[in-house]
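J.: Below is entry-v4.txt; it holds compact mmCIF, C-alpha atoms.
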```
# COMPACT_ATOMS: atom_id res chain seq x y z
CA MET A 1 -12.88 48.69 12.49
CA THR A 2 -10.17 46.28 11.49
CA THR A 3 -10.64 42.99 9.76
CA THR A 4 -8.87 39.95 11.05
CA THR A 5 -8.03 36.75 9.31
CA ILE A 6 -9.05 33.60 11.11
CA ALA A 7 -6.31 31.02 10.93
CA PRO A 8 -5.03 28.30 13.23
CA ALA A 9 -2.64 29.70 15.81
CA VAL A 10 0.18 27.59 14.42
CA GLU A 11 0.17 26.21 10.90
CA ASP A 12 0.29 22.45 10.77
CA ARG A 13 3.45 20.91 9.41
CA PRO A 14 2.99 18.62 6.44
CA LEU A 15 3.27 14.88 6.90
CA GLU A 16 6.90 13.91 6.45
CA ILE A 17 8.02 10.33 5.87
CA ALA A 18 11.66 9.51 5.24
CA GLY A 19 12.41 13.10 4.25
CA ARG A 20 9.56 13.30 1.77
CA THR A 21 6.69 15.64 2.55
CA PHE A 22 3.04 15.01 1.80
CA ARG A 23 0.39 17.70 1.87
CA SER A 24 -2.34 15.11 2.37
CA ARG A 25 -2.50 12.89 5.44
CA LEU A 26 -4.65 10.38 3.62
CA ILE A 27 -3.26 7.45 1.63
CA LEU A 28 -5.66 5.53 -0.56
CA GLY A 29 -5.55 1.90 -1.67
CA THR A 30 -6.33 1.10 -5.30
CA GLY A 31 -7.96 -2.32 -4.86
CA LYS A 32 -11.53 -3.51 -5.31
CA TYR A 33 -12.95 -0.59 -7.35
CA ARG A 34 -15.71 -1.56 -9.75
CA ASP A 35 -13.67 -0.11 -12.61
CA ASN A 36 -10.50 1.85 -13.18
CA GLU A 37 -12.29 5.08 -14.05
CA THR A 38 -14.01 5.08 -10.65
CA MET A 39 -10.67 4.44 -8.98
CA VAL A 40 -9.02 7.37 -10.75
CA ARG A 41 -11.92 9.71 -9.92
CA ALA A 42 -11.88 8.59 -6.28
CA ILE A 43 -8.15 9.31 -6.04
CA GLU A 44 -8.78 12.80 -7.42
CA ALA A 45 -11.70 13.39 -5.04
CA ALA A 46 -9.62 12.23 -2.07
CA ASP A 47 -6.86 14.63 -3.18
CA VAL A 48 -4.18 12.15 -2.09
CA GLU A 49 -0.54 12.16 -3.13
CA MET A 50 0.20 8.52 -2.33
CA VAL A 51 -1.67 5.34 -3.24
CA THR A 52 -0.81 1.70 -2.60
CA VAL A 53 -0.48 -0.93 -5.32
CA ALA A 54 -0.03 -4.70 -5.28
CA VAL A 55 2.45 -6.88 -7.16
CA ARG A 56 0.83 -9.74 -9.06
CA ARG A 57 1.42 -12.06 -11.98
CA VAL A 58 0.55 -10.65 -15.38
CA ASN A 59 -2.50 -12.47 -16.69
CA LEU A 60 -1.17 -13.96 -19.91
CA ASP A 61 -4.59 -14.93 -21.25
CA ARG A 62 -5.99 -11.41 -21.23
CA THR A 63 -5.01 -7.95 -22.38
CA GLN A 64 -2.62 -5.95 -20.24
CA GLU A 65 -5.28 -3.35 -19.47
CA GLU A 66 -5.43 -4.50 -15.89
CA GLY A 67 -1.97 -3.13 -15.15
CA ILE A 68 -2.36 -0.12 -12.88
CA LEU A 69 0.31 1.88 -14.71
CA TYR A 70 -2.10 2.18 -17.62
CA HIS A 71 -4.32 4.28 -15.37
CA LEU A 72 -2.04 6.08 -12.91
CA ASP A 73 0.90 8.29 -13.79
CA PRO A 74 3.75 7.71 -11.31
CA ALA A 75 5.05 11.19 -12.11
CA ARG A 76 1.84 12.63 -10.64
CA ILE A 77 1.11 10.26 -7.78
CA PHE A 78 3.44 8.34 -5.49
CA LEU A 79 2.88 4.61 -5.86
CA LEU A 80 3.61 2.60 -2.72
CA PRO A 81 4.05 -1.11 -3.55
CA ASN A 82 2.67 -3.47 -0.92
CA THR A 83 3.35 -7.07 0.05
CA ALA A 84 -0.32 -7.88 0.57
CA GLY A 85 -1.19 -11.56 0.52
CA CYS A 86 2.19 -12.69 1.84
CA TYR A 87 2.18 -15.09 4.79
CA THR A 88 5.93 -15.43 5.38
CA ALA A 89 8.82 -13.01 5.76
CA GLU A 90 10.50 -14.72 2.79
CA ASP A 91 7.51 -14.11 0.51
CA ALA A 92 7.13 -10.51 1.66
CA ILE A 93 10.81 -9.85 0.94
CA ARG A 94 10.43 -11.42 -2.52
CA TYR A 95 7.40 -9.24 -3.34
CA ALA A 96 9.11 -6.12 -2.00
CA ARG A 97 12.11 -6.74 -4.24
CA LEU A 98 9.85 -7.26 -7.26
CA GLY A 99 8.03 -4.02 -6.47
CA ARG A 100 11.28 -2.10 -6.24
CA ALA A 101 12.50 -3.62 -9.52
CA ALA A 102 9.63 -1.84 -11.28
CA GLY A 103 11.91 1.15 -10.91
CA LEU A 104 9.55 3.69 -9.37
CA ASN A 105 10.94 4.00 -5.84
CA ASP A 106 12.47 1.98 -3.02
CA TRP A 107 9.51 2.18 -0.65
CA VAL A 108 7.33 -0.70 0.47
CA LYS A 109 4.21 -1.14 2.53
CA LEU A 110 5.27 -4.26 4.39
CA GLU A 111 2.46 -6.60 5.30
CA VAL A 112 2.94 -10.17 6.53
CA ILE A 113 -0.37 -11.83 7.29
CA GLY A 114 -0.63 -14.46 10.01
CA ASP A 115 -4.24 -15.61 9.87
CA GLN A 116 -6.68 -15.99 6.97
CA ARG A 117 -9.87 -15.27 8.90
CA THR A 118 -8.82 -12.02 10.55
CA LEU A 119 -5.92 -11.07 8.25
CA LEU A 120 -4.12 -10.05 11.43
CA PRO A 121 -0.39 -9.56 10.94
CA ASP A 122 2.29 -12.07 11.87
CA VAL A 123 4.23 -9.53 13.88
CA ALA A 124 7.34 -11.70 14.40
CA ALA A 125 7.61 -12.29 10.64
CA THR A 126 6.92 -8.60 9.98
CA ILE A 127 9.82 -7.55 12.22
CA GLU A 128 12.07 -10.17 10.61
CA ALA A 129 11.21 -8.98 7.09
CA ALA A 130 11.55 -5.32 8.10
CA LYS A 131 15.12 -5.87 9.28
CA VAL A 132 16.12 -7.53 6.00
CA LEU A 133 14.43 -4.90 3.83
CA VAL A 134 15.83 -1.95 5.81
CA ALA A 135 19.32 -3.47 5.40
CA GLU A 136 18.68 -3.61 1.65
CA GLY A 137 17.88 0.09 1.59
CA PHE A 138 14.11 -0.11 1.48
CA LYS A 139 11.99 2.57 3.08
CA VAL A 140 9.63 0.34 5.00
CA MET A 141 6.16 1.39 6.09
CA ALA A 142 5.06 -1.51 8.26
CA TYR A 143 1.48 -2.64 8.72
CA THR A 144 1.08 -4.05 12.23
CA ASN A 145 -1.27 -4.80 15.08
CA ASP A 146 -2.27 -2.16 17.63
CA ASP A 147 0.47 -3.51 19.88
CA LEU A 148 2.92 -1.05 21.41
CA ILE A 149 5.82 -3.46 21.80
CA THR A 150 5.68 -4.55 18.16
CA ALA A 151 5.43 -0.93 17.07
CA LEU A 152 8.55 -0.09 19.10
CA ARG A 153 10.40 -3.08 17.60
CA LEU A 154 9.46 -2.00 14.09
CA GLU A 155 10.72 1.51 14.74
CA ASP A 156 13.95 0.06 16.16
CA ALA A 157 14.27 -2.06 13.00
CA GLY A 158 14.44 1.17 11.01
CA CYS A 159 10.95 1.42 9.55
CA VAL A 160 10.19 4.91 8.23
CA ALA A 161 6.58 4.63 9.39
CA VAL A 162 4.65 2.24 11.62
CA MET A 163 1.05 1.55 10.66
CA PRO A 164 -1.13 -0.10 13.31
CA LEU A 165 -4.58 -1.25 12.31
CA ALA A 166 -7.82 0.38 13.47
CA SER A 167 -9.54 -3.00 13.07
CA PRO A 168 -9.13 -5.95 10.65
CA ILE A 169 -8.47 -5.28 6.96
CA GLY A 170 -11.69 -4.74 5.04
CA SER A 171 -13.86 -5.04 8.18
CA GLY A 172 -15.00 -1.42 8.35
CA LEU A 173 -15.30 -1.79 12.12
CA GLY A 174 -13.58 1.52 12.78
CA LEU A 175 -11.12 2.32 15.55
CA VAL A 176 -11.58 -0.45 18.14
CA ASN A 177 -8.74 0.57 20.43
CA PRO A 178 -8.13 4.31 20.54
CA TYR A 179 -6.13 4.01 23.75
CA PHE A 180 -3.46 1.77 22.23
CA ILE A 181 -3.29 3.88 19.08
CA ARG A 182 -2.69 6.99 21.23
CA GLU A 183 -0.09 5.14 23.26
CA ILE A 184 1.75 3.98 20.13
CA LYS A 185 1.69 7.50 18.71
CA SER A 186 3.01 9.01 21.94
CA ARG A 187 5.86 6.50 22.27
CA LEU A 188 7.24 6.41 18.72
CA SER A 189 9.33 9.08 17.02
CA CYS A 190 8.62 7.95 13.46
CA PRO A 191 5.29 8.73 11.78
CA VAL A 192 2.37 6.56 12.92
CA LEU A 193 -0.36 6.01 10.36
CA VAL A 194 -3.45 3.96 10.99
CA ASP A 195 -3.88 1.34 8.28
CA ALA A 196 -7.00 -0.81 7.88
CA GLY A 197 -10.44 -0.97 9.43
CA VAL A 198 -11.69 2.57 8.84
CA GLY A 199 -15.25 2.15 7.56
CA THR A 200 -16.68 5.61 7.07
CA ALA A 201 -15.86 9.29 7.50
CA SER A 202 -16.61 9.43 11.24
CA ASP A 203 -14.12 6.56 11.78
CA ALA A 204 -11.46 8.52 9.91
CA CYS A 205 -12.21 11.64 11.92
CA VAL A 206 -12.08 9.85 15.29
CA THR A 207 -8.85 8.13 14.25
CA MET A 208 -7.18 11.43 13.32
CA GLU A 209 -8.40 12.94 16.61
CA GLN A 210 -6.11 10.48 18.41
CA GLY A 211 -3.17 12.45 17.03
CA VAL A 212 -1.85 9.97 14.49
CA ASP A 213 0.00 11.30 11.47
CA GLY A 214 -2.27 9.89 8.80
CA ILE A 215 -4.59 7.16 7.61
CA LEU A 216 -4.35 4.51 4.91
CA LEU A 217 -7.67 3.12 3.74
CA ASN A 218 -9.13 1.33 0.74
CA THR A 219 -12.30 -0.71 1.18
CA ALA A 220 -14.29 2.09 2.82
CA VAL A 221 -14.01 4.07 -0.41
CA ALA A 222 -13.94 1.24 -2.96
CA GLU A 223 -17.02 -0.49 -1.53
CA ALA A 224 -19.08 2.65 -0.85
CA ALA A 225 -22.19 2.96 -3.00
CA ASP A 226 -20.63 6.15 -4.39
CA PRO A 227 -16.85 5.77 -4.04
CA VAL A 228 -16.07 9.23 -5.40
CA ALA A 229 -18.34 10.91 -2.83
CA MET A 230 -16.90 8.76 -0.03
CA ALA A 231 -13.37 9.66 -1.15
CA ARG A 232 -14.22 13.34 -0.71
CA ALA A 233 -15.86 12.61 2.66
CA MET A 234 -12.68 10.85 3.80
CA ARG A 235 -10.54 13.77 2.70
CA LEU A 236 -12.70 16.19 4.71
CA ALA A 237 -12.86 13.84 7.71
CA VAL A 238 -9.09 13.45 7.84
CA GLU A 239 -8.68 17.21 7.69
CA ALA A 240 -11.39 17.78 10.31
CA GLY A 241 -9.97 15.13 12.64
CA ARG A 242 -6.49 16.54 12.34
CA LEU A 243 -7.70 20.07 12.99
CA ALA A 244 -9.76 18.95 16.00
CA TYR A 245 -6.75 17.12 17.41
CA ARG A 246 -4.61 20.22 17.06
CA ALA A 247 -7.37 22.43 18.43
CA GLY A 248 -7.44 20.35 21.63
CA ARG A 249 -10.80 19.00 22.60
CA MET A 250 -12.70 19.93 25.77
CA PRO A 251 -12.51 17.50 28.67
CA ARG A 252 -15.09 14.74 28.95
CA ARG A 253 -17.33 15.20 32.01
CA GLU A 254 -19.95 12.76 33.15
CA ILE A 255 -22.17 15.61 34.26
CA ALA A 256 -23.86 18.48 32.48
CA VAL A 257 -22.48 21.99 32.62
CA PRO A 258 -24.79 24.78 31.38
CA SER A 259 -23.64 26.80 28.41
CA SER A 260 -25.72 29.85 29.33
CA PRO A 261 -25.12 32.05 32.41
CA ILE A 262 -26.60 30.80 35.67
CA GLY A 263 -27.02 34.35 36.90
CA GLY A 264 -29.48 36.90 35.51
CA MET A 265 -32.49 34.65 35.57
CA LEU A 266 -35.87 36.31 36.17
CA GLY A 267 -37.16 36.47 39.72
CA MET B 1 1.63 -19.79 -28.37
CA LEU B 2 1.10 -23.47 -27.74
CA LYS B 3 1.20 -24.80 -24.25
CA THR B 4 2.80 -28.14 -23.61
CA ASN B 5 3.35 -30.53 -20.78
CA SER B 6 6.15 -32.38 -22.52
CA GLY B 7 9.03 -31.23 -20.40
CA SER B 8 11.24 -33.97 -21.93
CA GLY B 9 14.76 -33.84 -20.69
CA THR B 10 16.21 -33.07 -24.10
CA LYS B 11 18.58 -30.17 -24.00
CA VAL B 12 17.71 -27.40 -26.38
CA GLU B 13 20.29 -24.70 -26.83
CA ALA B 14 19.14 -21.14 -26.40
CA GLY B 15 18.08 -19.87 -29.78
CA GLY B 16 17.37 -23.44 -30.87
CA PRO B 17 14.05 -24.55 -32.24
CA GLN B 18 12.24 -24.56 -28.95
CA ALA B 19 12.63 -24.43 -25.18
CA SER B 20 10.24 -25.83 -22.60
CA ILE B 21 9.83 -23.18 -19.95
CA MET B 22 7.49 -22.19 -17.15
CA VAL B 23 5.84 -18.77 -17.29
CA ASN B 24 3.70 -17.69 -14.35
CA GLY B 25 3.18 -21.28 -13.30
CA GLU B 26 2.21 -22.57 -16.74
CA PRO B 27 4.36 -24.72 -19.04
CA ARG B 28 5.08 -23.16 -22.42
CA VAL B 29 7.16 -23.88 -25.49
CA PHE B 30 9.21 -20.92 -26.60
CA ALA B 31 10.88 -20.62 -30.00
CA GLY B 32 12.72 -17.32 -29.55
CA THR B 33 16.14 -16.48 -28.15
CA THR B 34 16.03 -13.83 -25.44
CA VAL B 35 13.82 -12.63 -22.62
CA ALA B 36 12.98 -9.61 -24.76
CA ASP B 37 11.72 -12.03 -27.45
CA LEU B 38 9.60 -13.81 -24.86
CA LEU B 39 7.93 -10.57 -23.74
CA ARG B 40 7.32 -9.60 -27.38
CA ASP B 41 5.75 -13.01 -28.04
CA LEU B 42 3.44 -12.50 -25.08
CA GLY B 43 2.57 -8.96 -26.14
CA LEU B 44 3.95 -7.42 -22.95
CA HIS B 45 5.53 -3.98 -22.74
CA PRO B 46 8.95 -4.46 -21.09
CA ARG B 47 8.78 -1.10 -19.33
CA LEU B 48 5.74 -2.16 -17.32
CA ILE B 49 6.83 -5.67 -16.42
CA VAL B 50 9.19 -7.03 -13.79
CA VAL B 51 10.85 -10.33 -14.70
CA GLU B 52 11.93 -12.92 -12.17
CA HIS B 53 14.16 -15.46 -13.93
CA ASN B 54 14.84 -18.67 -11.98
CA ARG B 55 14.02 -16.82 -8.71
CA SER B 56 16.35 -13.90 -9.45
CA ILE B 57 15.13 -10.50 -10.58
CA LEU B 58 16.37 -9.69 -14.06
CA ASP B 59 17.32 -6.07 -14.68
CA ARG B 60 15.37 -4.54 -17.53
CA GLU B 61 18.61 -3.61 -19.32
CA HIS B 62 19.45 -7.32 -19.59
CA PHE B 63 16.21 -8.40 -21.30
CA GLU B 64 17.79 -8.16 -24.76
CA THR B 65 20.93 -10.07 -23.83
CA THR B 66 19.60 -12.81 -21.54
CA ALA B 67 19.02 -16.14 -23.27
CA VAL B 68 15.97 -18.24 -22.54
CA ARG B 69 17.04 -21.84 -21.87
CA ASN B 70 15.22 -25.10 -21.59
CA GLY B 71 13.77 -25.54 -18.11
CA ASP B 72 13.86 -21.83 -17.23
CA VAL B 73 11.23 -20.61 -14.81
CA PHE B 74 9.84 -17.10 -15.25
CA GLU B 75 7.55 -14.97 -13.15
CA LEU B 76 6.26 -11.93 -15.00
CA VAL B 77 4.65 -9.44 -12.63
CA HIS B 78 3.27 -5.93 -12.67
CA PHE B 79 1.38 -3.55 -10.42
CA VAL B 80 -2.34 -4.04 -9.95
CA GLY B 81 -4.86 -2.38 -7.66
CA GLY B 82 -4.30 -3.18 -3.98
CA GLY B 83 -4.63 -1.75 -0.50
```
Written as structure tokens, that's how I'd like the structure from this file.

T.:
Amino acid sequence: MTTTTIAPAVEDRPLEIAGRTFRSRLILGTGKYRDNETMVRAIEAADVEMVTVAVRRVNLDRTQEEGILYHLDPARIFLLPNTAGCYTAEDAIRYARLGRAAGLNDWVKLEVIGDQRTLLPDVAATIEAAKVLVAEGFKVMAYTNDDLITALRLEDAGCVAVMPLASPIGSGLGLVNPYFIREIKSRLSCPVLVDAGVGTASDACVTMEQGVDGILLNTAVAEAADPVAMARAMRLAVEAGRLAYRAGRMPRREIAVPSSPIGGMLG
Amino acid sequence: MLKTNSGSGTKVEAGGPQASIMVNGEPRVFAGTTVADLLRDLGLHPRLIVVEHNRSILDREHFETTAVRNGDVFELVHFVGGG
């Protein structure tokens, strides 16, 4: 009797963005944790290699403890500066430049918001800012709507990754439009990561099952009752969803098909 | 450091007794000479701060040699948690 090792028929390739490879397909945001220790433990539990950070004024009336670099070592984890909170291309470009001037890397998660209630992106301003930043040598990962045409324009503009939303930022509504996410993934050559809206592990799993390259999420972990446990759940869900996508799911049928043989029943 | 609203038009040379400047949207009076002095006064570690000086980013290597002048506008930023 011989023993066999069970392994996927073809090993998955790691996520590659702009020539840099990432073992994990999950990117975690660092906002809204109840304290920095919880954030650090959640990052460890999620086993991520990249986290997003925001650029903000130093609070001059308090200690500098709030600075994220007091808690995260950029030599151990890749920090992706974002332009969150910016409502114009001009502001987003300004924040991106400030983030790069910190001297860690020349990447940016570009986000230009167009509406306060939904935090939906201003896609025209996003494309405009992307063109400027790409020309300045930035590696732009662009947050966008689940709109194919915008996604194509952002890829044409030279973005290293296009990141359509699952649903509005911080909503936890999950993947509202799997069809458009699949379509975007199938039509773009650059990595497609779903950014925003994932609320719990099943959302992350379903999102990865659409074939996207990765997921960026924050609130689902930060606002969970136990963020560290949810971080681990997200890690497992992203892995499970990716594996299920690669395994190839069975077809959906609107009729039952028995799993046991029809023949051989007693007379 | 005292805050002031007296942005009187009097010219104060860099390194002079005091300069009226804006830091992160707040008026301040500064008695030092350089941007490095300003960060020291505020208790900020230069390695962790990005300085925007009159809307232009100031390279860290120029903190020690850039004079703070009356009317200068500074934005001092750093990374915080965000998604």

J.: Would you kindly return, as a VMD selection string, each protein, DNA or RNA residue with an atom no farther than 12 Å from any atom of Leu152 of chain A, considering all atoms listed in the file and excluding same-chain residues fewer than 2 positions away?

T.: chain A and resid 123 127 142 144 to 150 154 to 159 161 to 164 183 to 192

J.: So that I can see what lies close to segment 243-255 of chain A, please list as a list in words the residues with an atom at most 7 Å from it, counting all atoms listed in the file and leaving out residues fewer than 3 positions away in the same chain.

T.: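 My list of contacting residues is Glu209, Gln210, Gly211, Glu239 and Ala240 of chain A.
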
J.: Residues of chain A near chain B: apply a cut-off of 6 Å, count all atoms listed in the file, and supply the list as a list of chain:residue names.

T.: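 Contact residues on the first chain: A:Gly29, A:Thr30, A:Gly31, A:Thr52, A:Val53, A:Ala54, A:Val55, A:Arg56, A:Arg57, A:Val58, A:Gly67, A:Ile68, A:Ala102, A:Asn218.
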
J.: Pick out the residues sitting within 9 Å of Asn177 of chain A, and hand them over as a ChimeraX atom specification; count only C-alpha atoms, and ignore anything fewer than 2 positions along from it in its own chain.

T.: /A:146,166-167,175,179-182

J.: Excluding Tyr143 of chain A and residues on its chain fewer than 3 positions from it, collect all residues at most 8 Å away from it, counting all atoms listed in the file, and give them as a PyMOL selection string.

T.: chain A and resi 109-112+121+162-165+195

J.: In Å, rounded to a single decimal, give me how far atom CA of Glu136 of chain A is from atom CA of Thr21 of chain A.

T.: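 So the answer is 22.7 Å.
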
J.: For the atom pair atom CA of Ile169 of chain A and atom CA of Leu217 of chain A, what is the interatomic distance in Å to one decimal place?

T.: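 Going from atom CA of Ile169 of chain A over to atom CA of Leu217 of chain A covers 9.0 Å.
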
J.: Which of these, B:Met22, B:Val29, B:Arg40, B:Thr34, has the shortest distance to Glu64 of chain B once you count all atoms listed in the file?

T.: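 The closest residue to Glu64 of chain B is B:Thr34.
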
J.: Could you tell me how far atom CA of His71 of chain A sits from atom CA of Val40 of chain A, in Å to one decimal place?

T.: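 Distance reported for this atom pair: 7.3 Å.
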
J.: When you look at Glu90 of chain A with a cut-off of 12 Å (counting all atoms listed in the file), what residues show up, excluding the ones that are within fewer than 3 positions of it in the same chain? I need them as a ChimeraX atom specification.

T.: /A:83,86-87,93-97,110-112,125-133

J.: Rank A:Ala196, A:Ala89, A:Ile77, A:Ala237 by their smallest atom-to-atom distance to Ile43 of chain A, using only C-alpha atoms, and report the top residue only.

T.: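 Closest to Ile43 of chain A, using only C-alpha atoms: A:Ile77.
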